[in-house]
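Just below is one structure, and these are the notes that go with it.
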There are 2 protein chains.
Amino acid sequence: MYYNNLLQVEKLDSIIFYKIDRAIRTYRQFAQARLRSLGHQITIDQWLVIRCLIENPKIQQNEISELVFKDAASVNRMINLLVEAKYLKRKINKSDRRKMDILVTQKALDAMEAMDEVIPTNRATALTGLTQEEMEIATKVMTQIASNCKK
Amino acid sequence: MYYNNLLQVEKLDSIIFYKIDRAIRTYRQFAQARLRSLGHQITIDQWLVIRCLIENPKIQQNEISELVFKDAASVNRMINLLVEAKYLKRKINKSDRRKMDILVTQKALDAMEAMDEVIPTNRATALTGLTQEEMEIATKVMTQIASNCKK
DNA sequence: AATTATTAATTGATGTATCAATAATTACCT
DNA sequence: AGGTAATTATTGATACATCAATTAATAATT
């Protein structure tokens, strides 16, 4: 039994990462499919960036990349696409010409508002059958893993 | 206090996905950096595919994509790269010409053996400070989310 | 003030994700 | 047997991830 437990730990070590990966990917697919089925063209990654800009106006790309936990290069390219799609505008900052001021357009605000009716439902669906305690523990585990892995 | 709990639940709903995403991405970065620092050229996704092929010889691309939870298109392209890098070989199946037999080369076996000494350590580091019970609950939560999101 | 260092954004190169469409081959059918 | 359906792999198109290198502007230093 003791030996058995040891084996299980070994196995769990390898399985937990697989399950985490699977959970987040399945959720992404699910949420993306819902958005698309309601006629929204936007990706959930783009949604996240726009959300971040709405909640933190005047934020720099730099800081966005920290908040959404994406590489600066990724954020830059995502913003390129969002500017092309008329969801954002970029203007050079007056006081520091290295920086860019990023503005959220009305088109983006409208799209976000429409999507805000779907996304909480998606989350609720994804979390069906879980207790708050389980979710809290899972969240704690995720936080710990992230913290263990960064230096 | 009751109201407070409700707010927390709302917030947790949105935060848990963010934390999951952050955990798996931080782990991937961490594990990848370790492999690279030991001179291994391979990515962890490629590692996963090769591992899968070693444990399930004669498996089709089809089935690989289910096991590693990746799109068939992704797996196809990953195998292309792995064939170029001489880690795998592809041959048309004799009895069903739609299928491909995929062979793991000695080069891949050697690389895998070398990496097998690092990967358990990586996992252990990533899971430091967590009890088995927490890990089990987290795993359960991940499984449930995946199950809730697929249809 | 001129040099050096730092910072913010961008670009290049390579790998992966996802959906949709297309071969090519085999199975099914009646 | 001949046509239809299903299966396996592949390709096209677009988006994101990651590291490394570069550019442009500002800050710091001597």
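Chain labels A, B, ... are given in the sequence in which chains occur in the structure tokens; within each chain residues are numbered consecutively from 1, and ligands are likewise numbered from 1 in the order shown.
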Give me the residues near Thr131 in chain B as a ChimeraX atom specification, where near means some atom within 12 Å (using only C-alpha atoms (C1' of nucleotides)) and where sequence neighbours in that chain fewer than 2 positions away do not count. /A:9,12-13,137-138,140-141,144 /B:124,127-129,133-138
Output C-alpha atoms for every residue in the selection just made, as a short mmCIF file (atom, residue, chain, number, x, y, z; two decimals), in the first residue's frame.
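Output saved as selection-v1.cif:
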```
data_model
loop_
_atom_site.label_atom_id
_atom_site.label_comp_id
_atom_site.auth_asym_id
_atom_site.auth_seq_id
_atom_site.Cartn_x
_atom_site.Cartn_y
_atom_site.Cartn_z
CA VAL A 9 2.83 9.94 -6.78
CA LEU A 12 0.57 11.85 -10.77
CA ASP A 13 3.67 13.94 -11.30
CA ILE A 137 -7.20 24.45 -4.16
CA ALA A 138 -6.72 24.07 -7.88
CA LYS A 140 -3.53 27.56 -5.35
CA VAL A 141 -1.79 24.63 -7.03
CA GLN A 144 2.44 27.42 -6.77
CA ALA B 124 9.51 17.59 -8.99
CA LEU B 127 5.52 20.61 -7.80
CA THR B 128 7.56 21.58 -4.77
CA GLY B 129 5.52 22.49 -1.72
CA GLU B 133 -3.99 15.62 -1.84
CA GLU B 134 -3.78 19.07 -3.40
CA MET B 135 -2.36 17.62 -6.56
CA GLU B 136 -5.09 15.04 -6.71
CA ILE B 137 -7.78 17.67 -6.32
CA ALA B 138 -6.16 19.90 -8.91
#
```
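Every chain A residue lying within 8 Å of chain D, based on only C-alpha atoms (C1' of nucleotides), is listed here: A:Asp71, A:Ser74, A:Asp96, A:Arg97, A:Arg98.
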ask   = Which residues in chain A does DSSP call helix (DSSP H, G or I)? List them as a VMD selection string.
value = chain A and resid 2 to 37 44 to 55 61 to 67 72 to 84 106 to 115 119 to 126 132 to 149
Within 10 Å of chain C, which residues of chain A show up? Give each one with its shortest atom-to-atom distance in Å (one decimal) and the two atoms involved, counting only C-alpha atoms (C1' of nucleotides), rows by chain then rising residue number, as CSV.
```
residue,atom,partner,partner_atom,distance
A:Arg25,CA,C:DA17,C1',9.7
A:Gln29,CA,C:DT18,C1',8.8
A:Gln60,CA,C:DA8,C1',8.6
A:Gln61,CA,C:DA8,C1',8.1
A:Asn62,CA,C:DA8,C1',6.9
A:Ala72,CA,C:DA9,C1',8.5
A:Ala73,CA,C:DT10,C1',7.8
A:Asn76,CA,C:DT10,C1',7.7
A:Arg77,CA,C:DT10,C1',9.2
A:Asp96,CA,C:DA8,C1',9.6
A:Arg97,CA,C:DA8,C1',9.1
A:Arg98,CA,C:DA8,C1',5.4
A:Lys99,CA,C:DA8,C1',5.7
A:Met100,CA,C:DA9,C1',8.2
```
### Message
Select, as a PyMOL selection string, those residues of chain B with any atom no more than 7 Å from chain A (distances computed using only C-alpha atoms).
### Response
chain B and resi 13+16+19-24+26-27+30+69+123+125-128+134+137-139+141-143+145-146+148-150
Can you write out the residues you just picked, keeping C-alpha atoms, as an mmCIF file, in the first residue's frame?
```
data_model
loop_
_atom_site.group_PDB
_atom_site.id
_atom_site.type_symbol
_atom_site.label_atom_id
_atom_site.label_comp_id
_atom_site.auth_asym_id
_atom_site.auth_seq_id
_atom_site.Cartn_x
_atom_site.Cartn_y
_atom_site.Cartn_z
ATOM 1 C CA ASP B 13 -14.365 31.944 -12.069
ATOM 2 C CA ILE B 16 -8.852 30.194 -12.320
ATOM 3 C CA LYS B 19 -3.947 30.812 -13.389
ATOM 4 C CA ILE B 20 -4.172 27.541 -15.268
ATOM 5 C CA ASP B 21 -2.888 29.184 -18.392
ATOM 6 C CA ARG B 22 -0.084 30.848 -16.492
ATOM 7 C CA ALA B 23 0.933 27.652 -14.716
ATOM 8 C CA ILE B 24 1.220 25.514 -17.804
ATOM 9 C CA THR B 26 5.479 28.871 -17.003
ATOM 10 C CA TYR B 27 6.157 25.175 -16.651
ATOM 11 C CA PHE B 30 10.944 26.299 -17.457
ATOM 12 C CA PHE B 69 -4.136 15.968 -27.510
ATOM 13 C CA ARG B 123 8.427 17.976 -12.574
ATOM 14 C CA THR B 125 10.770 21.153 -8.934
ATOM 15 C CA ALA B 126 7.546 22.447 -10.415
ATOM 16 C CA LEU B 127 5.515 20.606 -7.796
ATOM 17 C CA THR B 128 7.564 21.579 -4.767
ATOM 18 C CA GLU B 134 -3.782 19.072 -3.396
ATOM 19 C CA ILE B 137 -7.775 17.672 -6.321
ATOM 20 C CA ALA B 138 -6.162 19.895 -8.915
ATOM 21 C CA THR B 139 -5.985 16.964 -11.295
ATOM 22 C CA VAL B 141 -10.567 19.807 -11.344
ATOM 23 C CA MET B 142 -8.644 19.793 -14.617
ATOM 24 C CA THR B 143 -10.287 16.573 -15.681
ATOM 25 C CA ILE B 145 -13.105 21.179 -16.807
ATOM 26 C CA ALA B 146 -11.996 19.237 -19.855
ATOM 27 C CA ASN B 148 -17.397 19.963 -19.155
ATOM 28 C CA CYS B 149 -16.003 21.626 -22.237
ATOM 29 C CA LYS B 150 -16.190 18.794 -24.664
#
```
CA of Glu63 in chain B sits from CA of Lys11 in chain A at a separation of 21.8 Å
Got a sec: who's within 9 Å of Gln106 in chain A, counting only C-alpha atoms (C1' of nucleotides), leaving out chain neighbours fewer than 4 positions off, as a CSV table (one decimal) with C-alpha atoms, in the first residue's frame?
```csv
chain,number,residue,atom,x,y,z
A,87,TYR,CA,-10.4,47.5,-32.9
A,110,ASP,CA,-19.4,47.3,-28.8
A,111,ALA,CA,-17.9,43.9,-29.6
```
